[in-house]
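First comes the structure, then the notes that go with it.
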Amino acid sequence: MIETEIISNQHGSAGIGKVYLVGAGPGDPRLITQRGIECLKQADLVLYDGLVNPLVLRWTKGVCEKTGRIKRPHETTVHQHEINERLICEARLGKTVVRLKGGDPFIFGRGGEEAEALAQAAIPFEIIPGITAATAAAEYAGIALTHREHVSQLLFITGHEDPLKPERKIDDELLASFEGTIVVYMGLHRLPELIDRLIKAGKSPQMPVAVISKASTPAQRTVESTLEHLVDDVHQAQLEPPSLTIIGPCVPHRKLITWYECKPLFGLNIGVTRPVHQSDQQIESLLNLGAQPVLMPMIDIVAPDDWSEPDQAIGNINIYSWMVFTSRNGVESFLGRIWQRGADWRLFNNLKIACIGESTAAALQEFHLRADLVPNSYSSEHLAESLLAQSQPGDRILWPKANRGRDHLPNALREQGRFVDEVIVYHHVDQDHFPEHTLRLINDHHLHWVGLSSPAIARQYATVMNQLHTCGDLAHEASTHIKLAAISPITAQAAQECGLFISAVAQTYTWDGLIDAIYRAHSGKSSVGSGAFVGGADGIG
């Protein structure tokens, strides 16, 4: 009885949903809290601010809607009262709603207003704190807001006071006499007014100051100056919002501890063409190197409508000497099907397993199985050679695969007297468009690299580009600014046959190798060094 009452109180009256006011943190999508991710996974609807990195949205399967309160090109302005009403309405329909806000919802984020509206409407809600923009911007720029030898006071103010208030609440004389660090949220276009007031109120014109634009993203830029020269320096640097201004003696010490802007791929937007649900490792690798991953999946992976052939192979598994996997998808789909049928790995008995590469073998290990064969070079040619060396004529080989792919592997094996049964356990479905965010990056010449990780992906990328040019949605000149990297020579050849120019080819045929190729081409260096990249993917299917 007590447990039932607790659950009822948590979720409100019957039929009433719940709203979570979640701080997404700043631009780096990894700075959202674990609790915030849990809420996103539960959400039916996510209403997110324009400052939220779209990569954060990959954690949810709910409907996502942007609620920009600032007028921007191609975007609709949504007023605060409309957002409040929407939260209440959707919760009354029984939905779990996440209100996702950049930084922390209660620090210049209007989260307090939204919580009050929910409370007055008797809507259950929770508040999930986030890393506020001030601490993130300062630390990603290498600025310690407090330091026991230099500064022990910290003050947050907004550069964007409510214009409807009868009088200003910020005391200029207090700010001028404040001996600690002052952090000004927003207000980039009001800098001249702010600086003028501070100097007139007695703040030293030589006081160190920094403006940080687009903090904790690969587009981050930091201008360090003094109060008297700041306006000119910011204008010359052409900084863009969102921004924070940090005033105080802590600013000059950033020269010693700047770290983020020194990352090897800092400032690059790099397209990831894999299916979104399989891109986590690539996202992490790129973020670790200072790049912004841009999700632009060219194919999706779906289960087959008809499992009769795989099921027949599973039923006759004892006739095979070898089973071959050429992708993580093949491993997960086929072994997942065995589990669904109520069987397990005891079916394999003396069956040997070959994998095209280490990443596919790692997927096998997740099912507590070890690969008997992994070639040194990750290609179908080397896999065929290795299998021929370790098998006998007359051996029957099972290949769980995609609905399309290269024929070299089965052809090479059959020519040498092996019997190969191919069973389709997943389908490639082409994606015929780019996300809107990606299209804007391309048109603005802000998409720097795209990684092509299979011949099918290369061909589909070329198809989508051609369609966009034909329809007039994309100027041909815009796409020429994008550099392309291929995961293997075979992928590069497929891209070139479609009229694409390849600027880099991976030496190791994995996503790790692909990212390394981008780094080498970008920097002119031979290698980042072993262990620089985490995760990867090999495969031809």
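Numbering starts fresh at 1 for the residues of each chain in the structure tokens, the chains themselves are lettered A, B, ... in the order given, and ligands are numbered from 1 as they appear.
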Item to check | DSSP strand (DSSP E) residues within segment 296-535 of chain A, as number ranges by chain | outcome: A: 299-302, 322-325, 352-355, 396-402, 419-430, 449-452, 483-486, 504-505
Checklist entry - Leaving out Trp345 of chain A and any residue of its chain fewer than 2 positions from it, which residues lie within 10 Å of it when counting only C-alpha atoms, given as a list in words? => result Leu335, Ile338, Trp339, Ala343, Leu347, Phe348, Asn349, Phe367, His368 and Leu369 of chain A
Output for the residues just chosen: C-alpha atoms as a tab-separated table (two decimals), in the first residue's frame:
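That gives us part-v9.tsv:
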```tsv
chain	number	residue	atom	x	y	z
A	335	LEU	CA	23.38	-14.46	-32.82
A	338	ILE	CA	19.61	-17.75	-32.28
A	339	TRP	CA	18.80	-16.38	-28.84
A	343	ALA	CA	18.84	-21.65	-28.36
A	347	LEU	CA	24.74	-25.12	-31.01
A	348	PHE	CA	28.17	-24.31	-32.42
A	349	ASN	CA	30.01	-27.27	-30.86
A	367	PHE	CA	28.35	-12.80	-26.89
A	368	HIS	CA	31.17	-14.61	-25.02
A	369	LEU	CA	32.54	-16.17	-28.20
```
Next on the checklist: Can you tell me which residues surround Asn411 of chain A at a distance of at most 12 Å, considering only C-alpha atoms, apart from same-chain residues fewer than 4 positions away, and format the answer as JSON, numbers by chain?
Outcome noted: {"A": [380, 381, 384, 385, 388, 406, 407, 415, 416, 417, 418, 419, 420, 421, 422]}
Those residues with all heavy atoms, as a compact mmCIF listing (two decimals), in the first residue's frame please?
```
# COMPACT_ATOMS: atom_id res chain seq x y z
N SER A 380 38.02 -8.23 -47.55
CA SER A 380 37.49 -9.52 -47.98
C SER A 380 38.55 -10.36 -48.68
O SER A 380 38.55 -11.59 -48.60
CB SER A 380 36.28 -9.31 -48.90
OG SER A 380 36.63 -8.50 -50.00
N GLU A 381 39.49 -9.69 -49.38
CA GLU A 381 40.57 -10.42 -50.05
C GLU A 381 41.43 -11.17 -49.04
O GLU A 381 41.72 -12.38 -49.21
CB GLU A 381 41.43 -9.45 -50.86
CG GLU A 381 40.77 -8.94 -52.14
CD GLU A 381 39.75 -7.84 -51.92
OE1 GLU A 381 39.59 -7.39 -50.76
OE2 GLU A 381 39.11 -7.42 -52.89
N ALA A 384 39.50 -14.03 -47.35
CA ALA A 384 39.40 -15.21 -48.21
C ALA A 384 40.72 -15.99 -48.21
O ALA A 384 40.71 -17.23 -48.10
CB ALA A 384 39.03 -14.79 -49.63
N GLU A 385 41.83 -15.29 -48.32
CA GLU A 385 43.13 -15.96 -48.30
C GLU A 385 43.35 -16.72 -46.99
O GLU A 385 43.81 -17.88 -47.00
CB GLU A 385 44.25 -14.93 -48.48
CG GLU A 385 44.31 -14.32 -49.87
CD GLU A 385 45.37 -13.23 -49.97
OE1 GLU A 385 46.16 -13.10 -48.99
OE2 GLU A 385 45.43 -12.53 -51.00
N LEU A 388 41.05 -19.84 -46.84
CA LEU A 388 41.53 -20.91 -47.73
C LEU A 388 42.72 -21.63 -47.12
O LEU A 388 42.88 -22.84 -47.28
CB LEU A 388 41.90 -20.33 -49.09
CG LEU A 388 40.72 -19.88 -49.97
CD1 LEU A 388 41.22 -19.15 -51.21
CD2 LEU A 388 39.87 -21.09 -50.39
N ARG A 406 29.84 -6.87 -51.57
CA ARG A 406 30.75 -7.41 -52.59
C ARG A 406 30.69 -8.93 -52.61
O ARG A 406 30.43 -9.58 -51.60
CB ARG A 406 32.18 -6.95 -52.30
CG ARG A 406 32.37 -5.45 -52.35
CD ARG A 406 33.80 -5.09 -51.96
NE ARG A 406 34.74 -5.63 -52.93
CZ ARG A 406 35.90 -6.19 -52.60
NH1 ARG A 406 36.25 -6.32 -51.33
NH2 ARG A 406 36.72 -6.64 -53.54
N ASP A 407 30.97 -9.51 -53.80
CA ASP A 407 30.92 -10.96 -53.97
C ASP A 407 32.29 -11.62 -53.94
O ASP A 407 32.39 -12.83 -54.17
CB ASP A 407 30.25 -11.29 -55.31
CG ASP A 407 28.78 -10.90 -55.34
OD1 ASP A 407 28.14 -10.96 -54.27
OD2 ASP A 407 28.28 -10.51 -56.42
N GLU A 415 35.71 -20.94 -55.75
CA GLU A 415 36.67 -21.32 -56.79
C GLU A 415 37.68 -22.35 -56.30
O GLU A 415 38.25 -23.10 -57.10
CB GLU A 415 37.40 -20.06 -57.28
CG GLU A 415 36.54 -19.14 -58.14
CD GLU A 415 37.25 -17.85 -58.47
OE1 GLU A 415 38.42 -17.69 -58.03
OE2 GLU A 415 36.65 -16.98 -59.15
N GLN A 416 37.89 -22.42 -54.99
CA GLN A 416 38.85 -23.35 -54.40
C GLN A 416 38.15 -24.52 -53.70
O GLN A 416 38.74 -25.15 -52.83
CB GLN A 416 39.76 -22.61 -53.42
CG GLN A 416 40.59 -21.51 -54.05
CD GLN A 416 41.54 -22.04 -55.12
OE1 GLN A 416 42.15 -23.11 -54.96
NE2 GLN A 416 41.66 -21.31 -56.22
N GLY A 417 36.92 -24.80 -54.12
CA GLY A 417 36.26 -26.02 -53.67
C GLY A 417 35.53 -25.94 -52.34
O GLY A 417 35.11 -26.97 -51.80
N ARG A 418 35.33 -24.74 -51.79
CA ARG A 418 34.54 -24.62 -50.58
C ARG A 418 33.08 -24.34 -50.94
O ARG A 418 32.80 -23.71 -51.97
CB ARG A 418 35.05 -23.48 -49.68
CG ARG A 418 36.26 -23.84 -48.80
CD ARG A 418 37.46 -24.18 -49.61
NE ARG A 418 38.68 -24.26 -48.78
CZ ARG A 418 39.84 -24.62 -49.26
NH1 ARG A 418 39.98 -24.95 -50.57
NH2 ARG A 418 40.90 -24.68 -48.47
N PHE A 419 32.18 -24.80 -50.10
CA PHE A 419 30.76 -24.54 -50.31
C PHE A 419 30.34 -23.41 -49.36
O PHE A 419 30.56 -23.49 -48.15
CB PHE A 419 29.94 -25.79 -50.02
CG PHE A 419 30.25 -26.93 -50.95
CD1 PHE A 419 31.17 -27.92 -50.59
CD2 PHE A 419 29.65 -27.02 -52.20
CE1 PHE A 419 31.47 -28.96 -51.44
CE2 PHE A 419 29.94 -28.07 -53.06
CZ PHE A 419 30.86 -29.04 -52.69
N VAL A 420 29.76 -22.35 -49.91
CA VAL A 420 29.39 -21.18 -49.12
C VAL A 420 27.89 -20.98 -49.18
O VAL A 420 27.32 -20.84 -50.27
CB VAL A 420 30.11 -19.91 -49.62
CG1 VAL A 420 29.74 -18.71 -48.75
CG2 VAL A 420 31.62 -20.12 -49.62
N ASP A 421 27.24 -20.98 -48.02
CA ASP A 421 25.82 -20.66 -47.92
C ASP A 421 25.69 -19.23 -47.39
O ASP A 421 26.17 -18.92 -46.28
CB ASP A 421 25.11 -21.62 -46.98
CG ASP A 421 24.98 -23.02 -47.58
OD1 ASP A 421 25.18 -23.15 -48.80
OD2 ASP A 421 24.69 -23.97 -46.82
N GLU A 422 25.08 -18.36 -48.18
CA GLU A 422 24.86 -16.97 -47.78
C GLU A 422 23.43 -16.81 -47.28
O GLU A 422 22.49 -17.15 -47.99
CB GLU A 422 25.11 -16.04 -48.97
CG GLU A 422 26.48 -16.20 -49.61
CD GLU A 422 26.63 -15.37 -50.87
OE1 GLU A 422 26.24 -14.18 -50.84
OE2 GLU A 422 27.12 -15.90 -51.89
```
Within 7 Å of Gly271 of chain A, counting only C-alpha atoms, which residues qualify if same-chain residues fewer than 4 places away don't, as a tab-separated table (two decimals) with N, CA and C atoms, in the first residue's frame?
```tsv
chain	number	residue	atom	x	y	z
A	293	PRO	N	31.30	15.91	-34.13
A	293	PRO	CA	30.69	14.91	-35.00
A	293	PRO	C	29.37	15.43	-35.56
A	294	VAL	N	29.18	15.24	-36.85
A	294	VAL	CA	27.94	15.65	-37.51
A	294	VAL	C	27.27	14.38	-38.02
A	295	LEU	N	26.13	14.04	-37.43
A	295	LEU	CA	25.45	12.80	-37.79
A	295	LEU	C	24.74	12.97	-39.12
A	296	MET	N	25.14	12.17	-40.10
A	296	MET	CA	24.52	12.21	-41.42
A	296	MET	C	24.46	10.79	-41.97
A	449	TRP	N	34.90	17.78	-43.13
A	449	TRP	CA	35.23	16.44	-43.60
A	449	TRP	C	34.01	15.53	-43.48
A	450	VAL	N	33.98	14.51	-44.34
A	450	VAL	CA	32.98	13.45	-44.23
A	450	VAL	C	33.71	12.12	-44.35
A	451	GLY	N	33.43	11.21	-43.42
A	451	GLY	CA	34.02	9.88	-43.46
A	451	GLY	C	33.11	8.90	-44.18
```
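Here atom CA of Glu193 of chain A stands at a distance of 15.3 Å from atom CA of Leu244 of chain A.
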Next on the checklist: For segment 86-90 of chain A, find every residue with an atom within 10 Å (counting only C-alpha atoms), except residues of its own chain fewer than 2 positions away, and show them as an NGL selection string.
Outcome noted: :A and (16-20 or 44-47 or 80-84 or 92-99 or 114 or 117-124)
May I have the selected residues written with N, CA and C atoms, as an mmCIF file, in the first residue's frame?
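The result, written out as out_19.cif:
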```cif
data_model
loop_
_atom_site.group_PDB
_atom_site.id
_atom_site.type_symbol
_atom_site.label_atom_id
_atom_site.label_comp_id
_atom_site.auth_asym_id
_atom_site.auth_seq_id
_atom_site.Cartn_x
_atom_site.Cartn_y
_atom_site.Cartn_z
ATOM 1 N N ILE A 16 -2.183 11.725 -15.690
ATOM 2 C CA ILE A 16 -1.290 12.879 -15.750
ATOM 3 C C ILE A 16 0.143 12.393 -15.908
ATOM 4 N N GLY A 17 0.850 12.986 -16.841
ATOM 5 C CA GLY A 17 2.243 12.619 -17.046
ATOM 6 C C GLY A 17 3.156 13.386 -16.115
ATOM 7 N N LYS A 18 4.388 13.582 -16.546
ATOM 8 C CA LYS A 18 5.372 14.244 -15.704
ATOM 9 C C LYS A 18 6.344 15.026 -16.578
ATOM 10 N N VAL A 19 6.836 16.134 -16.035
ATOM 11 C CA VAL A 19 7.782 16.983 -16.754
ATOM 12 C C VAL A 19 9.112 16.985 -16.009
ATOM 13 N N TYR A 20 10.196 16.804 -16.770
ATOM 14 C CA TYR A 20 11.544 16.885 -16.213
ATOM 15 C C TYR A 20 12.226 18.110 -16.795
ATOM 16 N N ASP A 44 8.639 10.866 -23.896
ATOM 17 C CA ASP A 44 7.771 10.809 -25.071
ATOM 18 C C ASP A 44 7.977 12.047 -25.938
ATOM 19 N N LEU A 45 8.281 13.162 -25.294
ATOM 20 C CA LEU A 45 8.466 14.436 -25.994
ATOM 21 C C LEU A 45 9.630 15.181 -25.359
ATOM 22 N N VAL A 46 10.497 15.752 -26.205
ATOM 23 C CA VAL A 46 11.607 16.578 -25.738
ATOM 24 C C VAL A 46 11.473 17.951 -26.372
ATOM 25 N N LEU A 47 11.306 18.978 -25.545
ATOM 26 C CA LEU A 47 11.306 20.358 -26.011
ATOM 27 C C LEU A 47 12.661 20.950 -25.639
ATOM 28 N N GLN A 80 8.007 32.338 -24.253
ATOM 29 C CA GLN A 80 8.075 31.561 -23.013
ATOM 30 C C GLN A 80 6.701 31.082 -22.558
ATOM 31 N N HIS A 81 5.693 31.926 -22.664
ATOM 32 C CA HIS A 81 4.362 31.506 -22.202
ATOM 33 C C HIS A 81 3.828 30.349 -23.046
ATOM 34 N N GLU A 82 4.211 30.304 -24.315
ATOM 35 C CA GLU A 82 3.809 29.182 -25.158
ATOM 36 C C GLU A 82 4.486 27.890 -24.704
ATOM 37 N N ILE A 83 5.754 27.986 -24.317
ATOM 38 C CA ILE A 83 6.475 26.811 -23.837
ATOM 39 C C ILE A 83 5.834 26.298 -22.555
ATOM 40 N N ASN A 84 5.521 27.219 -21.630
ATOM 41 C CA ASN A 84 4.879 26.828 -20.378
ATOM 42 C C ASN A 84 3.569 26.090 -20.639
ATOM 43 N N ARG A 92 -0.687 16.765 -19.301
ATOM 44 C CA ARG A 92 -2.089 16.403 -19.052
ATOM 45 C C ARG A 92 -2.574 15.311 -19.993
ATOM 46 N N LEU A 93 -1.865 15.133 -21.105
ATOM 47 C CA LEU A 93 -2.181 14.029 -22.018
ATOM 48 C C LEU A 93 -1.525 12.723 -21.580
ATOM 49 N N GLY A 94 -0.831 12.769 -20.449
ATOM 50 C CA GLY A 94 -0.216 11.567 -19.913
ATOM 51 C C GLY A 94 1.202 11.321 -20.372
ATOM 52 N N LYS A 95 1.825 12.289 -21.016
ATOM 53 C CA LYS A 95 3.161 12.087 -21.584
ATOM 54 C C LYS A 95 4.259 12.389 -20.568
ATOM 55 N N THR A 96 5.395 11.723 -20.784
ATOM 56 C CA THR A 96 6.620 12.071 -20.073
ATOM 57 C C THR A 96 7.360 13.088 -20.931
ATOM 58 N N VAL A 97 7.532 14.282 -20.395
ATOM 59 C CA VAL A 97 8.078 15.397 -21.168
ATOM 60 C C VAL A 97 9.409 15.831 -20.558
ATOM 61 N N VAL A 98 10.396 16.008 -21.411
ATOM 62 C CA VAL A 98 11.671 16.575 -20.977
ATOM 63 C C VAL A 98 11.806 17.966 -21.569
ATOM 64 N N ARG A 99 11.964 18.926 -20.696
ATOM 65 C CA ARG A 99 12.293 20.292 -21.113
ATOM 66 C C ARG A 99 13.805 20.408 -20.998
ATOM 67 N N GLU A 114 9.313 28.169 -15.467
ATOM 68 C CA GLU A 114 8.620 26.971 -15.942
ATOM 69 C C GLU A 114 8.190 26.092 -14.778
ATOM 70 N N ALA A 117 5.074 27.585 -13.249
ATOM 71 C CA ALA A 117 3.882 27.329 -14.063
ATOM 72 C C ALA A 117 3.387 25.895 -13.880
ATOM 73 N N LEU A 118 4.311 24.948 -13.810
ATOM 74 C CA LEU A 118 3.935 23.547 -13.614
ATOM 75 C C LEU A 118 3.325 23.339 -12.236
ATOM 76 N N ALA A 119 3.912 23.957 -11.219
ATOM 77 C CA ALA A 119 3.396 23.810 -9.862
ATOM 78 C C ALA A 119 1.984 24.385 -9.754
ATOM 79 N N GLN A 120 1.761 25.557 -10.355
ATOM 80 C CA GLN A 120 0.437 26.181 -10.303
ATOM 81 C C GLN A 120 -0.606 25.351 -11.025
ATOM 82 N N ALA A 121 -0.168 24.575 -12.050
ATOM 83 C CA ALA A 121 -1.105 23.721 -12.794
ATOM 84 C C ALA A 121 -1.193 22.319 -12.203
ATOM 85 N N ALA A 122 -0.528 22.085 -11.071
ATOM 86 C CA ALA A 122 -0.540 20.785 -10.396
ATOM 87 C C ALA A 122 0.017 19.676 -11.285
ATOM 88 N N ILE A 123 1.059 19.992 -12.048
ATOM 89 C CA ILE A 123 1.738 19.005 -12.901
ATOM 90 C C ILE A 123 2.975 18.492 -12.152
ATOM 91 N N PRO A 124 3.119 17.185 -11.988
ATOM 92 C CA PRO A 124 4.322 16.656 -11.340
ATOM 93 C C PRO A 124 5.571 16.997 -12.159
#
```
Item to check | For segment 472-474 of chain A: contacts at 10 Å, only C-alpha atoms, fewer than 6 positions along chain excluded, given as a ChimeraX atom specification | outcome: /A:439-440,442-443,465-466
Store the residues picked out above, limited to N, CA and C atoms, as a compact mmCIF listing (two decimals), in the first residue's frame.
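The result, stored in selection07.txt:
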```
# COMPACT_ATOMS: atom_id res chain seq x y z
N LEU A 439 22.56 20.11 -43.49
CA LEU A 439 22.40 20.88 -44.73
C LEU A 439 22.82 22.33 -44.53
N ARG A 440 22.49 22.90 -43.37
CA ARG A 440 22.90 24.28 -43.09
C ARG A 440 24.42 24.38 -42.99
N ILE A 442 26.60 22.54 -44.51
CA ILE A 442 27.17 22.44 -45.86
C ILE A 442 27.02 23.77 -46.60
N ASN A 443 25.84 24.33 -46.56
CA ASN A 443 25.60 25.59 -47.27
C ASN A 443 26.45 26.74 -46.73
N MET A 465 23.90 13.94 -52.65
CA MET A 465 24.48 15.20 -53.08
C MET A 465 23.95 15.61 -54.45
N ASN A 466 23.90 14.66 -55.36
CA ASN A 466 23.39 14.95 -56.70
C ASN A 466 21.93 15.39 -56.66
```
Just the residues within 7 Å of segment 148-162 of chain A, please, counting only C-alpha atoms, with nothing from its chain fewer than 6 positions along; format it as a compact mmCIF listing (two decimals) with N, CA, C and O atoms, in the first residue's frame.
```
# COMPACT_ATOMS: atom_id res chain seq x y z
N GLY A 180 36.61 40.26 -7.04
CA GLY A 180 36.70 38.88 -7.50
C GLY A 180 36.50 38.77 -9.00
O GLY A 180 36.79 39.69 -9.77
N THR A 181 35.98 37.61 -9.42
CA THR A 181 35.71 37.34 -10.83
C THR A 181 34.25 37.62 -11.13
O THR A 181 33.35 37.18 -10.39
N ILE A 182 34.01 38.34 -12.20
CA ILE A 182 32.65 38.63 -12.65
C ILE A 182 32.42 37.87 -13.94
O ILE A 182 33.21 37.98 -14.89
N VAL A 183 31.33 37.10 -13.99
CA VAL A 183 30.96 36.38 -15.20
C VAL A 183 29.65 36.96 -15.72
O VAL A 183 28.66 37.01 -14.99
N VAL A 184 29.68 37.42 -16.96
CA VAL A 184 28.51 38.03 -17.58
C VAL A 184 27.94 37.05 -18.59
O VAL A 184 28.60 36.72 -19.59
N TYR A 185 26.72 36.58 -18.32
CA TYR A 185 26.02 35.70 -19.25
C TYR A 185 25.42 36.52 -20.39
O TYR A 185 24.84 37.59 -20.16
N MET A 186 25.53 36.01 -21.59
CA MET A 186 24.89 36.63 -22.77
C MET A 186 25.37 38.08 -22.94
O MET A 186 26.44 38.43 -22.48
N GLY A 187 24.61 38.85 -23.67
CA GLY A 187 24.92 40.28 -23.78
C GLY A 187 26.08 40.64 -24.67
O GLY A 187 26.71 41.70 -24.48
N PRO A 249 41.15 39.24 -12.34
CA PRO A 249 42.59 38.95 -12.38
C PRO A 249 42.91 37.49 -12.73
O PRO A 249 44.09 37.17 -12.95
N CYS A 250 41.91 36.63 -12.80
CA CYS A 250 42.15 35.24 -13.13
C CYS A 250 42.42 35.03 -14.62
O CYS A 250 43.02 34.02 -15.03
```
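Note that the spacing between atom CA of Asp432 of chain A and atom CA of Trp399 of chain A amounts to 28.7 Å.
Atom CA of Leu364 of chain A is found 20.5 Å from atom CA of Ser391 of chain A.
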Checklist outcome for this item: Judged by only C-alpha atoms, the minimum distance to Arg254 of chain A among A:Phe334, A:Tyr320, A:Phe266, A:Tyr140 is found for A:Tyr140
Sorted per-residue table, segment 431-470 of chain A near segment 54-70 of chain A, closest atoms and distance, 12 Å, only C-alpha atoms, as a tab-separated table:
```
residue	atom	partner	partner_atom	distance
A:Pro435	CA	A:Pro54	CA	10.7
A:Glu436	CA	A:Pro54	CA	11.1
A:His437	CA	A:Pro54	CA	8.7
A:Thr438	CA	A:Pro54	CA	10.7
```
Please produce, as a tab-separated table, a per-residue contact table for segment 117-155 of chain A versus segment 28-36 of chain A (criterion: any atom at most 10 Å away, only C-alpha atoms considered), showing the nearest atom pair and its distance in Å to one decimal, sorted by chain then residue number.
```
residue	atom	partner	partner_atom	distance
A:Ile127	CA	A:Gly36	CA	9.6
A:Ile128	CA	A:Gly36	CA	6.4
A:Pro129	CA	A:Thr33	CA	8.0
A:Gly130	CA	A:Ile32	CA	6.5
A:Ile131	CA	A:Leu31	CA	7.0
A:Thr132	CA	A:Leu31	CA	10.0
A:Ala136	CA	A:Leu31	CA	9.0
A:Tyr140	CA	A:Asp28	CA	9.9
```
Take the residues from that selection and put them in a file with C-alpha atoms, as a PDB file, in the first residue's frame.
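Saved result, out-v1.pdb, follows:
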```
ATOM      1  CA  ILE A 127      14.511  19.409 -11.778  1.00  0.00           C
ATOM      2  CA  ILE A 128      17.735  17.883 -13.055  1.00  0.00           C
ATOM      3  CA  PRO A 129      20.675  20.288 -12.570  1.00  0.00           C
ATOM      4  CA  GLY A 130      23.196  20.812 -15.351  1.00  0.00           C
ATOM      5  CA  ILE A 131      26.737  22.152 -15.660  1.00  0.00           C
ATOM      6  CA  THR A 132      26.238  25.863 -16.030  1.00  0.00           C
ATOM      7  CA  ALA A 136      32.176  25.159 -18.552  1.00  0.00           C
ATOM      8  CA  TYR A 140      37.310  24.914 -21.481  1.00  0.00           C
TER       9      TYR A 140
END
```
Checklist entry - What residues in segment 95-330 of chain A get the DSSP label alpha helix (DSSP H)? Please answer as a PyMOL selection string. => result chain A and resi 111-120+133-140+172-177+191-200+227-237+254-257+280-288+308-315+328-330
Next on the checklist: Please determine, counting only C-alpha atoms, which residue among A:Ala363, A:Ile299, A:Ile518, A:Ala137 has the shortest atom-to-atom distance to Gln460 of chain A.
Outcome noted: A:Ile299
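Counting only C-alpha atoms, the residue from A:Glu497, A:Glu284, A:Asp395, A:Glu228 that sits nearest to Thr463 of chain A is A:Glu497.
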